[in-house]
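Listing of run.json; format and content: JSON, C-alpha atoms and all ligand atoms.
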```
[["chain", "number", "residue", "atom", "x", "y", "z"],
["Q", 1, "MET", "CA", -10.33, 16.14, 15.31],
["Q", 2, "THR", "CA", -12.41, 13.52, 13.53],
["Q", 3, "LYS", "CA", -10.44, 12.21, 10.57],
["Q", 4, "ILE", "CA", -11.66, 11.43, 7.07],
["Q", 5, "THR", "CA", -9.90, 8.55, 5.32],
["Q", 6, "ILE", "CA", -10.57, 8.22, 1.62],
["Q", 7, "LEU", "CA", -9.64, 5.16, -0.44],
["Q", 8, "GLY", "CA", -9.73, 5.63, -4.20],
["Q", 9, "ILE", "CA", -7.85, 6.25, -7.38],
["Q", 10, "TYR", "CA", -5.78, 9.20, -8.47],
["Q", 11, "VAL", "CA", -5.38, 9.78, -12.21],
["Q", 12, "VAL", "CA", -4.49, 12.65, -14.51],
["Q", 13, "ASP", "CA", -7.59, 14.04, -16.19],
["Q", 14, "VAL", "CA", -7.25, 15.29, -19.75],
["Q", 15, "ALA", "CA", -10.47, 17.12, -20.54],
["Q", 16, "PHE", "CA", -11.49, 18.30, -24.01],
["Q", 17, "PHE", "CA", -14.22, 20.93, -24.37],
["Q", 18, "ALA", "CA", -16.09, 20.69, -27.69],
["Q", 19, "PRO", "CA", -19.63, 21.22, -29.02],
["Q", 20, "ARG", "CA", -20.07, 17.48, -29.59],
["Q", 21, "LEU", "CA", -18.26, 14.14, -29.56],
["Q", 22, "PRO", "CA", -16.58, 13.18, -32.85],
["Q", 23, "ARG", "CA", -17.85, 10.13, -34.69],
["Q", 24, "ILE", "CA", -15.49, 7.18, -35.24],
["Q", 25, "GLY", "CA", -13.03, 8.16, -38.01],
["Q", 26, "GLU", "CA", -13.79, 11.89, -37.66],
["Q", 27, "THR", "CA", -11.66, 14.77, -36.34],
["Q", 28, "ILE", "CA", -13.33, 17.90, -34.99],
["Q", 29, "LEU", "CA", -11.89, 21.13, -33.57],
["Q", 30, "GLY", "CA", -12.38, 21.58, -29.83],
["Q", 31, "ASP", "CA", -12.78, 24.81, -27.87],
["Q", 32, "ASP", "CA", -10.37, 24.22, -24.96],
["Q", 33, "PHE", "CA", -8.57, 21.55, -22.98],
["Q", 34, "ARG", "CA", -7.42, 21.11, -19.38],
["Q", 35, "ALA", "CA", -4.98, 18.59, -17.91],
["Q", 36, "GLY", "CA", -4.96, 18.23, -14.14],
["Q", 37, "PRO", "CA", -5.49, 16.01, -11.12],
["Q", 38, "GLY", "CA", -8.53, 13.73, -11.09],
["Q", 39, "GLY", "CA", -9.84, 10.30, -10.12],
["Q", 40, "LYS", "CA", -12.93, 10.15, -7.92],
["Q", 41, "GLY", "CA", -10.96, 9.34, -4.78],
["Q", 42, "GLY", "CA", -8.46, 12.11, -5.42],
["Q", 43, "ASN", "CA", -11.21, 14.62, -6.19],
["Q", 44, "GLN", "CA", -13.14, 13.69, -3.05],
["Q", 45, "ALA", "CA", -9.99, 14.04, -0.95],
["Q", 46, "VAL", "CA", -9.37, 17.55, -2.27],
["Q", 47, "ALA", "CA", -13.03, 18.55, -1.85],
["Q", 48, "ALA", "CA", -13.12, 17.31, 1.75],
["Q", 49, "ALA", "CA", -9.80, 18.96, 2.64],
["Q", 50, "ARG", "CA", -10.78, 22.34, 1.17],
["Q", 51, "ALA", "CA", -14.09, 22.10, 2.99],
["Q", 52, "GLY", "CA", -12.15, 21.90, 6.25],
["Q", 53, "GLY", "CA", -11.67, 18.16, 6.80],
["Q", 54, "ALA", "CA", -8.55, 16.42, 8.16],
["Q", 55, "VAL", "CA", -8.09, 14.09, 5.20],
["Q", 56, "THR", "CA", -5.96, 10.98, 4.70],
["Q", 57, "PHE", "CA", -5.87, 9.70, 1.12],
["Q", 58, "VAL", "CA", -5.07, 6.07, 0.29],
["Q", 59, "THR", "CA", -4.14, 5.34, -3.30],
["Q", 60, "ARG", "CA", -1.41, 3.94, -5.56],
["Q", 61, "VAL", "CA", 0.43, 5.82, -8.29],
["Q", 62, "GLY", "CA", 3.17, 4.99, -10.78],
["Q", 63, "ASP", "CA", 6.87, 5.78, -10.47],
["Q", 64, "ASP", "CA", 6.52, 8.47, -13.16],
["Q", 65, "ASP", "CA", 6.04, 12.20, -13.66],
["Q", 66, "PHE", "CA", 2.24, 11.99, -13.23],
["Q", 67, "GLY", "CA", 2.69, 10.22, -9.89],
["Q", 68, "ARG", "CA", 5.35, 12.66, -8.67],
["Q", 69, "GLN", "CA", 3.38, 15.73, -9.80],
["Q", 70, "ALA", "CA", 0.44, 14.66, -7.63],
["Q", 71, "ARG", "CA", 2.35, 15.26, -4.39],
["Q", 72, "ALA", "CA", 2.68, 19.06, -4.32],
["Q", 73, "PRO", "CA", -1.05, 19.80, -4.75],
["Q", 74, "TRP", "CA", -1.93, 17.24, -2.04],
["Q", 75, "ALA", "CA", 0.56, 18.92, 0.31],
["Q", 76, "ALA", "CA", -0.87, 22.36, -0.54],
["Q", 77, "ASP", "CA", -4.33, 21.13, 0.49],
["Q", 78, "GLY", "CA", -2.97, 19.59, 3.70],
["Q", 79, "ILE", "CA", -3.83, 16.01, 2.71],
["Q", 80, "ASP", "CA", -2.04, 13.21, 4.61],
["Q", 81, "THR", "CA", -0.39, 10.97, 1.99],
["Q", 82, "ARG", "CA", 1.47, 8.56, 4.29],
["Q", 83, "PHE", "CA", -0.52, 5.68, 2.84],
["Q", 84, "VAL", "CA", 0.01, 6.49, -0.84],
["Q", 85, "THR", "CA", 2.12, 3.71, -2.36],
["Q", 86, "THR", "CA", 4.07, 3.64, -5.61],
["Q", 87, "SER", "CA", 4.14, 0.86, -8.18],
["Q", 88, "ASP", "CA", 7.47, -0.04, -9.78],
["Q", 89, "THR", "CA", 5.80, -1.38, -12.88],
["Q", 90, "ALA", "CA", 2.38, 0.19, -13.57],
["Q", 91, "PRO", "CA", 1.92, 3.83, -14.66],
["Q", 92, "THR", "CA", -0.23, 6.42, -12.94],
["Q", 93, "GLY", "CA", -3.71, 6.26, -14.46],
["Q", 94, "ALA", "CA", -5.38, 8.78, -16.75],
["Q", 95, "ALA", "CA", -8.86, 9.80, -17.81],
["Q", 96, "PHE", "CA", -10.17, 11.00, -21.16],
["Q", 97, "ILE", "CA", -12.95, 13.48, -20.49],
["Q", 98, "PHE", "CA", -15.25, 15.02, -23.07],
["Q", 99, "VAL", "CA", -17.10, 18.10, -21.86],
["Q", 100, "ASP", "CA", -19.94, 19.48, -23.99],
["Q", 101, "SER", "CA", -18.98, 23.15, -24.13],
["Q", 102, "ARG", "CA", -22.63, 24.19, -24.58],
["Q", 103, "THR", "CA", -24.04, 22.43, -21.50],
["Q", 104, "GLY", "CA", -21.08, 21.44, -19.30],
["Q", 105, "ASP", "CA", -22.19, 17.78, -19.42],
["Q", 106, "ASN", "CA", -19.44, 15.16, -19.60],
["Q", 107, "ALA", "CA", -18.47, 11.66, -20.74],
["Q", 108, "ILE", "CA", -15.44, 9.88, -19.28],
["Q", 109, "ILE", "CA", -13.11, 6.94, -19.93],
["Q", 110, "VAL", "CA", -10.87, 6.33, -16.92],
["Q", 111, "THR", "CA", -8.00, 3.83, -16.69],
["Q", 112, "PRO", "CA", -6.83, 3.44, -13.06],
["Q", 113, "GLY", "CA", -3.25, 2.39, -13.94],
["Q", 114, "ALA", "CA", -1.23, 1.65, -10.79],
["Q", 115, "ALA", "CA", -4.36, 2.01, -8.63],
["Q", 116, "ARG", "CA", -5.59, -1.23, -10.21],
["Q", 117, "GLU", "CA", -2.98, -2.94, -8.02],
["Q", 118, "LEU", "CA", -4.50, -1.69, -4.75],
["Q", 119, "THR", "CA", -5.02, -4.61, -2.38],
["Q", 120, "ILE", "CA", -6.39, -4.67, 1.16],
["Q", 121, "GLU", "CA", -2.78, -5.00, 2.37],
["Q", 122, "HIS", "CA", -2.06, -1.55, 0.92],
["Q", 123, "VAL", "CA", -5.08, -0.12, 2.76],
["Q", 124, "ARG", "CA", -4.74, -1.89, 6.12],
["Q", 125, "PRO", "CA", -2.18, 0.48, 7.67],
["Q", 126, "ALA", "CA", -4.59, 3.37, 7.08],
["Q", 127, "LEU", "CA", -7.51, 1.37, 8.48],
["Q", 128, "ALA", "CA", -5.44, 0.60, 11.58],
["Q", 129, "ALA", "CA", -5.14, 4.35, 12.16],
["Q", 130, "LEU", "CA", -8.96, 4.84, 12.21],
["Q", 131, "ALA", "CA", -10.56, 5.77, 15.50],
["Q", 132, "PRO", "CA", -14.25, 5.09, 16.30],
["Q", 133, "GLY", "CA", -16.32, 7.91, 14.80],
["Q", 134, "ASP", "CA", -13.84, 8.71, 12.03],
["Q", 135, "VAL", "CA", -15.25, 8.86, 8.50],
["Q", 136, "PHE", "CA", -14.17, 6.31, 5.87],
["Q", 137, "MET", "CA", -15.25, 6.89, 2.27],
["Q", 138, "THR", "CA", -14.61, 5.00, -0.96],
["Q", 139, "GLN", "CA", -15.97, 4.51, -4.49],
["Q", 140, "LEU", "CA", -15.89, 1.75, -7.14],
["Q", 141, "GLU", "CA", -12.88, 2.76, -9.26],
["Q", 142, "ALA", "CA", -10.39, 0.81, -7.11],
["Q", 143, "PRO", "CA", -10.55, -3.03, -7.30],
["Q", 144, "LEU", "CA", -13.90, -4.24, -5.92],
["Q", 145, "PRO", "CA", -12.50, -6.89, -3.51],
["Q", 146, "THR", "CA", -10.26, -4.22, -1.95],
["Q", 147, "VAL", "CA", -13.13, -1.74, -1.64],
["Q", 148, "VAL", "CA", -15.49, -4.30, -0.08],
["Q", 149, "ALA", "CA", -12.89, -5.59, 2.39],
["Q", 150, "ALA", "CA", -11.85, -2.05, 3.37],
["Q", 151, "LEU", "CA", -15.46, -0.97, 3.99],
["Q", 152, "ALA", "CA", -16.07, -3.99, 6.22],
["Q", 153, "GLU", "CA", -12.87, -3.43, 8.22],
["Q", 154, "ALA", "CA", -13.53, 0.31, 8.57],
["Q", 155, "LYS", "CA", -17.03, -0.39, 9.87],
["Q", 156, "ALA", "CA", -15.69, -3.03, 12.27],
["Q", 157, "ARG", "CA", -13.35, -0.35, 13.66],
["Q", 158, "GLY", "CA", -16.32, 1.91, 14.39],
["Q", 159, "ALA", "CA", -15.85, 4.36, 11.51],
["Q", 160, "THR", "CA", -18.80, 5.97, 9.74],
["Q", 161, "THR", "CA", -18.59, 4.39, 6.28],
["Q", 162, "ILE", "CA", -19.65, 6.05, 3.02],
["Q", 163, "LEU", "CA", -19.81, 4.15, -0.26],
["Q", 164, "ASN", "CA", -20.16, 6.30, -3.37],
["Q", 165, "PRO", "CA", -20.99, 3.51, -5.85],
["Q", 166, "ALA", "CA", -19.39, 5.18, -8.85],
["Q", 167, "PRO", "CA", -19.05, 3.94, -11.50],
["Q", 168, "ALA", "CA", -21.89, 1.48, -10.92],
["Q", 169, "ALA", "CA", -20.92, -2.19, -10.59],
["Q", 170, "GLU", "CA", -22.61, -5.31, -9.31],
["Q", 171, "LEU", "CA", -22.09, -5.35, -5.55],
["Q", 172, "PRO", "CA", -21.93, -8.24, -3.09],
["Q", 173, "ASP", "CA", -24.41, -8.05, -0.19],
["Q", 174, "GLU", "CA", -21.52, -7.35, 2.20],
["Q", 175, "ALA", "CA", -20.87, -4.00, 0.48],
["Q", 176, "PHE", "CA", -24.40, -2.81, 1.30],
["Q", 177, "ARG", "CA", -24.24, -4.07, 4.89],
["Q", 178, "SER", "CA", -20.88, -2.33, 5.42],
["Q", 179, "SER", "CA", -22.14, 1.08, 4.22],
["Q", 180, "ASP", "CA", -23.58, 3.51, 6.75],
["Q", 181, "LEU", "CA", -24.28, 5.91, 3.92],
["Q", 182, "PHE", "CA", -24.75, 5.05, 0.22],
["Q", 183, "THR", "CA", -24.49, 7.89, -2.32],
["Q", 184, "PRO", "CA", -25.35, 6.90, -5.92],
["Q", 185, "ASN", "CA", -26.35, 9.37, -8.62],
["Q", 186, "GLU", "CA", -29.49, 8.68, -10.66],
["Q", 187, "SER", "CA", -27.83, 6.43, -13.25],
["Q", 188, "GLU", "CA", -25.93, 4.46, -10.59],
["Q", 189, "ALA", "CA", -29.11, 4.08, -8.52],
["Q", 190, "ALA", "CA", -30.90, 2.80, -11.63],
["Q", 191, "ALA", "CA", -28.16, 0.29, -12.48],
["Q", 192, "LEU", "CA", -28.04, -1.00, -8.89],
["Q", 193, "ALA", "CA", -31.80, -1.06, -8.24],
["Q", 194, "GLY", "CA", -32.70, -2.49, -11.66],
["Q", 195, "PHE", "CA", -35.26, 0.12, -12.78],
["Q", 196, "PRO", "CA", -35.10, 3.67, -14.24],
["Q", 197, "VAL", "CA", -34.41, 6.48, -11.76],
["Q", 198, "ASP", "CA", -35.36, 9.88, -13.11],
["Q", 199, "GLY", "CA", -36.45, 12.04, -10.22],
["Q", 200, "PRO", "CA", -37.21, 12.08, -6.51],
["Q", 201, "GLU", "CA", -40.05, 9.55, -6.53],
["Q", 202, "ALA", "CA", -38.05, 6.84, -8.35],
["Q", 203, "ALA", "CA", -34.96, 7.75, -6.28],
["Q", 204, "ALA", "CA", -36.95, 7.09, -3.10],
["Q", 205, "ARG", "CA", -37.99, 3.68, -4.43],
["Q", 206, "ALA", "CA", -34.37, 2.83, -5.32],
["Q", 207, "ALA", "CA", -33.24, 4.04, -1.89],
["Q", 208, "ALA", "CA", -35.77, 1.69, -0.28],
["Q", 209, "VAL", "CA", -34.14, -1.20, -2.19],
["Q", 210, "PHE", "CA", -30.70, -0.24, -0.84],
["Q", 211, "LEU", "CA", -32.00, 0.16, 2.73],
["Q", 212, "ALA", "CA", -33.52, -3.32, 2.48],
["Q", 213, "LYS", "CA", -30.07, -4.63, 1.47],
["Q", 214, "GLY", "CA", -28.62, -3.23, 4.69],
["Q", 215, "VAL", "CA", -27.21, 0.27, 4.09],
["Q", 216, "GLY", "CA", -27.78, 2.73, 6.95],
["Q", 217, "ALA", "CA", -29.02, 5.67, 4.85],
["Q", 218, "VAL", "CA", -29.14, 6.65, 1.17],
["Q", 219, "ALA", "CA", -28.44, 9.98, -0.53],
["Q", 220, "VAL", "CA", -29.31, 9.87, -4.25],
["Q", 221, "THR", "CA", -27.85, 12.88, -6.07],
["Q", 222, "LEU", "CA", -30.29, 14.34, -8.60],
["Q", 223, "GLY", "CA", -28.15, 17.06, -10.19],
["Q", 224, "PRO", "CA", -29.58, 20.58, -9.85],
["Q", 225, "ALA", "CA", -32.75, 19.16, -8.23],
["Q", 226, "GLY", "CA", -30.75, 18.29, -5.12],
["Q", 227, "VAL", "CA", -30.51, 15.06, -3.17],
["Q", 228, "LEU", "CA", -33.12, 12.51, -2.16],
["Q", 229, "LEU", "CA", -32.18, 11.50, 1.38],
["Q", 230, "LYS", "CA", -33.76, 8.37, 2.81],
["Q", 231, "THR", "CA", -33.17, 6.86, 6.23],
["Q", 232, "PRO", "CA", -35.14, 4.02, 7.84],
["Q", 233, "THR", "CA", -37.43, 6.67, 9.41],
["Q", 234, "ALA", "CA", -37.60, 9.62, 7.00],
["Q", 235, "THR", "CA", -37.51, 10.59, 3.32],
["Q", 236, "VAL", "CA", -36.64, 14.19, 2.36],
["Q", 237, "LEU", "CA", -35.63, 16.06, -0.76],
["Q", 238, "VAL", "CA", -32.74, 18.36, 0.14],
["Q", 239, "PRO", "CA", -32.84, 21.06, -2.58],
["Q", 240, "GLY", "CA", -29.78, 21.97, -4.63],
["Q", 241, "PHE", "CA", -28.33, 25.46, -5.07],
["Q", 242, "THR", "CA", -28.75, 27.59, -8.17],
["Q", 243, "VAL", "CA", -25.63, 28.86, -9.93],
["Q", 244, "PRO", "CA", -25.46, 31.54, -12.62],
["Q", 245, "GLU", "CA", -23.66, 29.35, -15.18],
["Q", 246, "VAL", "CA", -22.76, 25.67, -15.36],
["Q", 247, "VAL", "CA", -19.43, 25.33, -17.21],
["Q", 248, "ASP", "CA", -18.28, 21.80, -16.32],
["Q", 249, "THR", "CA", -20.21, 19.16, -14.37],
["Q", 250, "THR", "CA", -17.23, 16.76, -14.19],
["Q", 251, "GLY", "CA", -16.45, 15.91, -10.57],
["Q", 252, "ALA", "CA", -19.66, 17.45, -9.18],
["Q", 253, "GLY", "CA", -20.52, 14.16, -7.50],
["Q", 254, "ASP", "CA", -17.05, 14.01, -6.01],
["Q", 255, "ALA", "CA", -17.45, 17.57, -4.73],
["Q", 256, "PHE", "CA", -20.75, 16.59, -3.10],
["Q", 257, "ASN", "CA", -19.27, 13.48, -1.47],
["Q", 258, "GLY", "CA", -16.17, 15.31, -0.23],
["Q", 259, "GLY", "CA", -18.29, 18.07, 1.26],
["Q", 260, "LEU", "CA", -20.67, 15.55, 2.82],
["Q", 261, "ALA", "CA", -17.77, 13.70, 4.46],
["Q", 262, "ALA", "CA", -16.28, 16.93, 5.81],
["Q", 263, "ALA", "CA", -19.62, 18.02, 7.25],
["Q", 264, "LEU", "CA", -20.26, 14.63, 8.90],
["Q", 265, "ALA", "CA", -16.75, 14.70, 10.40],
["Q", 266, "GLU", "CA", -17.67, 18.07, 11.92],
["Q", 267, "GLY", "CA", -20.68, 16.47, 13.55],
["Q", 268, "MET", "CA", -23.43, 18.01, 11.42],
["Q", 269, "PRO", "CA", -26.74, 16.11, 11.30],
["Q", 270, "LEU", "CA", -27.22, 14.12, 8.08],
["Q", 271, "ASP", "CA", -29.67, 16.53, 6.41],
["Q", 272, "ALA", "CA", -27.44, 19.53, 7.14],
["Q", 273, "ALA", "CA", -24.40, 17.59, 5.88],
["Q", 274, "VAL", "CA", -26.24, 16.82, 2.63],
["Q", 275, "ARG", "CA", -27.09, 20.53, 2.22],
["Q", 276, "PHE", "CA", -23.41, 21.34, 2.81],
["Q", 277, "GLY", "CA", -22.44, 18.75, 0.16],
["Q", 278, "ASN", "CA", -24.96, 20.29, -2.24],
["Q", 279, "ALA", "CA", -23.26, 23.68, -1.85],
["Q", 280, "VAL", "CA", -19.83, 22.15, -2.58],
["Q", 281, "GLY", "CA", -21.22, 20.36, -5.65],
["Q", 282, "ALA", "CA", -22.92, 23.51, -6.97],
["Q", 283, "LEU", "CA", -19.79, 25.61, -6.61],
["Q", 284, "SER", "CA", -17.67, 22.99, -8.40],
["Q", 285, "VAL", "CA", -19.72, 23.19, -11.63],
["Q", 286, "THR", "CA", -19.06, 26.92, -11.99],
["Q", 287, "ARG", "CA", -15.42, 26.32, -13.02],
["Q", 288, "ARG", "CA", -13.54, 23.97, -15.32],
["Q", 289, "GLY", "CA", -11.66, 20.89, -14.11],
["Q", 290, "THR", "CA", -12.24, 18.38, -11.33],
["Q", 291, "ALA", "CA", -9.94, 18.54, -8.27],
["Q", 292, "PRO", "CA", -8.85, 22.12, -9.15],
["Q", 293, "ALA", "CA", -12.53, 23.18, -9.21],
["Q", 294, "MET", "CA", -13.19, 22.24, -5.58],
["Q", 295, "PRO", "CA", -14.22, 25.31, -3.55],
["Q", 296, "ALA", "CA", -12.66, 26.78, -0.41],
["Q", 297, "ARG", "CA", -14.54, 26.73, 2.89],
["Q", 298, "THR", "CA", -15.15, 30.49, 2.73],
["Q", 299, "GLU", "CA", -17.01, 30.08, -0.58],
["Q", 300, "ILE", "CA", -19.06, 27.19, 0.81],
["Q", 301, "ASP", "CA", -20.04, 29.14, 3.93],
["Q", 302, "ARG", "CA", -21.06, 32.12, 1.77],
["Q", 303, "MET", "CA", -23.27, 29.93, -0.41],
["Q", 304, "LEU", "CA", -24.87, 28.28, 2.61],
["Q", 305, "ALA", "CA", -25.59, 31.71, 4.13],
["Q", 306, "GLU", "CA", -26.79, 33.43, 0.94],
["Q", 307, "GLY", "CA", -28.43, 30.45, -0.79],
["Q", 308, "ALA", "CA", -26.82, 31.16, -4.20],
["Q", 309, "ALA", "CA", -23.40, 31.41, -5.85],
["M", 1, "LIG", "O1", -15.91, 11.99, -11.14],
["M", 1, "LIG", "C1", -15.02, 12.55, -12.06],
["M", 1, "LIG", "C2", -13.79, 11.72, -12.18],
["M", 1, "LIG", "O2", -14.10, 10.46, -12.72],
["M", 1, "LIG", "C3", -12.73, 12.29, -13.08],
["M", 1, "LIG", "O3", -11.82, 13.10, -12.38],
["M", 1, "LIG", "C4", -12.10, 11.08, -13.74],
["M", 1, "LIG", "O4", -10.76, 10.94, -13.42],
["M", 1, "LIG", "C5", -12.94, 9.90, -13.28],
["M", 1, "LIG", "O5", -12.31, 9.19, -12.28]]
```
Kindly transcribe the structure held in the file into structure tokens.
Ligand code: RIB
Amino acid sequence: MTKITILGIYVVDVAFFAPRLPRIGETILGDDFRAGPGGKGGNQAVAAARAGGAVTFVTRVGDDDFGRQARAPWAADGIDTRFVTTSDTAPTGAAFIFVDSRTGDNAIIVTPGAARELTIEHVRPALAALAPGDVFMTQLEAPLPTVVAALAEAKARGATTILNPAPAAELPDEAFRSSDLFTPNESEAAALAGFPVDGPEAAARAAAVFLAKGVGAVAVTLGPAGVLLKTPTATVLVPGFTVPEVVDTTGAGDAFNGGLAAALAEGMPLDAAVRFGNAVGALSVTRRGTAPAMPARTEIDRMLAEGAA
């Protein structure tokens, strides 16, 4: 079976649901809170595993309760954690998440903790286990030199490489050249391309910039509007799915990327894999939380067949 190896951070998400953010010096009453597993890498690993992928997760946690508590949920989702290392000194990271309880929109501060120590030496054993055709996916929450080196080595080993450039950061040219697939959202595409991206037409222009820098294909996520997919030979808008109620958009991009990776590992063509990822993303916003909100394969298949949640 084609494997999916995901490099990224795991943190504990503490999400507060409230009608608005407090101002500095102000206290407001919130509506709800959730504490649970998060980090873009961790969320993508769970999404890909629940979508049916054979997932290996590479991260670093602290020698603390947060780090230990991560293990049981990973095991329940069948995620291979042989390459998860533990720091003796740094704590497991955490994220503060504000969710607007009226719209489901979010704002996040994430501190990677022990995952800030991830070096290419921590990742190399997992890269050595890659076979040609496996999928390797990463984001920009782990240290940039580690991410860039891992992408290059994964590509050299014949893996299909996916870079989800989140959160946006200035990238060396090598990062673009090492990415078979590049998956920014609109704000990340804008930051990386250097002009506003607010819809399919601007997303296509940004995607052209990334193709010129050497990525193989670009999928710009546009929220409910879907995904602008651009390859060297075609540009298509893959529509999103409609859901009855959006309760929490946090982790929707991770859901999309995890689903996309699982679909590519199954051998789906790129446009079908993007549609599959769209279904995973749409389902994830119908429930609160990040990793816990990732849907099961049965739900994804139902949405793909019926076209709605
Ligand atoms: O994409 C959502 C994730 O970003 C959250 O789980 C939070 O931990 C941050 O990493």
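For the choices Q:Gly253, Q:Gly226, Q:Gly216, Q:Pro125, the atom-to-atom distance to ligand LIG 1 (chain M) is smallest for Q:Gly253 when using only C-alpha atoms and all ligand atoms.
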Give me the residues of stretch 147-234 of chain Q that have any atom at most 9 Å from an atom of stretch 257-278 of chain Q; for each, the nearest atom pair and the distance in Å, rounded to one decimal. Use only C-alpha atoms, sort by chain and number, and format it as JSON lines.
```
{"residue": "Q:Thr160", "atom": "CA", "partner": "Q:Leu264", "partner_atom": "CA", "distance": 8.8}
{"residue": "Q:Ile162", "atom": "CA", "partner": "Q:Ala261", "partner_atom": "CA", "distance": 8.0}
{"residue": "Q:Asn164", "atom": "CA", "partner": "Q:Asn257", "partner_atom": "CA", "distance": 7.5}
{"residue": "Q:Thr183", "atom": "CA", "partner": "Q:Asn257", "partner_atom": "CA", "distance": 7.7}
{"residue": "Q:Ala219", "atom": "CA", "partner": "Q:Val274", "partner_atom": "CA", "distance": 7.8}
{"residue": "Q:Thr221", "atom": "CA", "partner": "Q:Asn278", "partner_atom": "CA", "distance": 8.8}
{"residue": "Q:Pro224", "atom": "CA", "partner": "Q:Asn278", "partner_atom": "CA", "distance": 8.9}
{"residue": "Q:Gly226", "atom": "CA", "partner": "Q:Asn278", "partner_atom": "CA", "distance": 6.8}
{"residue": "Q:Val227", "atom": "CA", "partner": "Q:Val274", "partner_atom": "CA", "distance": 7.4}
{"residue": "Q:Leu229", "atom": "CA", "partner": "Q:Asp271", "partner_atom": "CA", "distance": 7.5}
```
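Protein, DNA and RNA residues at most 12 Å from (-2.3, 21.0, -6.4), with only C-alpha atoms, are these: Val12, Gly36, Pro37, Gly38, Gly42, Asn43, Ala45, Val46, Ala47, Ala49, Arg50, Arg68, Gln69, Ala70, Arg71, Ala72, Pro73, Trp74, Ala75, Ala76, Asp77, Gly78, Ile79, Thr290, Ala291, Pro292, Ala293 and Met294 of chain Q.
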Please extract the residues at most 9 Å from ligand LIG 1 (chain M), counting only C-alpha atoms and all ligand atoms, and provide them as a PDB file with C-alpha atoms, keeping the file's coordinate frame, using the chain letters and residue numbers of this document.
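The resulting file, part37.pdb, is shown below:
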```pdb
ATOM      1  CA  ILE Q   9      -7.850   6.250  -7.380  1.00  0.00           C
ATOM      2  CA  TYR Q  10      -5.780   9.200  -8.470  1.00  0.00           C
ATOM      3  CA  VAL Q  11      -5.380   9.780 -12.210  1.00  0.00           C
ATOM      4  CA  VAL Q  12      -4.490  12.650 -14.510  1.00  0.00           C
ATOM      5  CA  ASP Q  13      -7.590  14.040 -16.190  1.00  0.00           C
ATOM      6  CA  VAL Q  14      -7.250  15.290 -19.750  1.00  0.00           C
ATOM      7  CA  GLY Q  36      -4.960  18.230 -14.140  1.00  0.00           C
ATOM      8  CA  PRO Q  37      -5.490  16.010 -11.120  1.00  0.00           C
ATOM      9  CA  GLY Q  38      -8.530  13.730 -11.090  1.00  0.00           C
ATOM     10  CA  GLY Q  39      -9.840  10.300 -10.120  1.00  0.00           C
ATOM     11  CA  LYS Q  40     -12.930  10.150  -7.920  1.00  0.00           C
ATOM     12  CA  GLY Q  41     -10.960   9.340  -4.780  1.00  0.00           C
ATOM     13  CA  GLY Q  42      -8.460  12.110  -5.420  1.00  0.00           C
ATOM     14  CA  ASN Q  43     -11.210  14.620  -6.190  1.00  0.00           C
ATOM     15  CA  GLN Q  44     -13.140  13.690  -3.050  1.00  0.00           C
ATOM     16  CA  GLY Q  93      -3.710   6.260 -14.460  1.00  0.00           C
ATOM     17  CA  ALA Q  94      -5.380   8.780 -16.750  1.00  0.00           C
ATOM     18  CA  ALA Q  95      -8.860   9.800 -17.810  1.00  0.00           C
ATOM     19  CA  PHE Q  96     -10.170  11.000 -21.160  1.00  0.00           C
ATOM     20  CA  ILE Q  97     -12.950  13.480 -20.490  1.00  0.00           C
ATOM     21  CA  ILE Q 108     -15.440   9.880 -19.280  1.00  0.00           C
ATOM     22  CA  ILE Q 109     -13.110   6.940 -19.930  1.00  0.00           C
ATOM     23  CA  VAL Q 110     -10.870   6.330 -16.920  1.00  0.00           C
ATOM     24  CA  THR Q 111      -8.000   3.830 -16.690  1.00  0.00           C
ATOM     25  CA  PRO Q 112      -6.830   3.440 -13.060  1.00  0.00           C
ATOM     26  CA  GLU Q 141     -12.880   2.760  -9.260  1.00  0.00           C
ATOM     27  CA  ALA Q 166     -19.390   5.180  -8.850  1.00  0.00           C
ATOM     28  CA  PRO Q 167     -19.050   3.940 -11.500  1.00  0.00           C
ATOM     29  CA  THR Q 249     -20.210  19.160 -14.370  1.00  0.00           C
ATOM     30  CA  THR Q 250     -17.230  16.760 -14.190  1.00  0.00           C
ATOM     31  CA  GLY Q 251     -16.450  15.910 -10.570  1.00  0.00           C
ATOM     32  CA  ALA Q 252     -19.660  17.450  -9.180  1.00  0.00           C
ATOM     33  CA  GLY Q 253     -20.520  14.160  -7.500  1.00  0.00           C
ATOM     34  CA  ASP Q 254     -17.050  14.010  -6.010  1.00  0.00           C
ATOM     35  CA  ALA Q 255     -17.450  17.570  -4.730  1.00  0.00           C
ATOM     36  CA  GLY Q 289     -11.660  20.890 -14.110  1.00  0.00           C
ATOM     37  CA  THR Q 290     -12.240  18.380 -11.330  1.00  0.00           C
ATOM     38  CA  ALA Q 291      -9.940  18.540  -8.270  1.00  0.00           C
TER      39      ALA Q 291
END
```
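Note that the spacing between atom CA of Q:Ala142 and atom CA of Q:Gly113 amounts to 10.0 Å.
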With distances taken over all atoms listed in the file, the candidate from Q:Ala18, Q:Leu237, Q:Ala48, Q:Ala114 nearest Q:Pro295 is Q:Ala48
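Taking atom CA of Q:Ala191 and atom CA of Q:Leu171 as endpoints, the distance between them is 10.8 Å.
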Give me the residues within 10 Å of Q:Thr161 as a list in words, counting only C-alpha atoms and dropping any in the same chain fewer than 6 places off. Ile4, Thr5, Gly133, Asp134, Val135, Phe136, Met137, Thr138, Ala150, Leu151, Ala152, Glu153, Ala154, Lys155, Ser178, Ser179, Asp180, Leu181, Phe182, Val215, Gly216 and Ala261 of chain Q
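Closest approach to Q:Asp301 from the set Q:Ala51, Q:Pro19, Q:Gly30, Q:Val99 is made by Q:Ala51, with distances taken over all atoms listed in the file.
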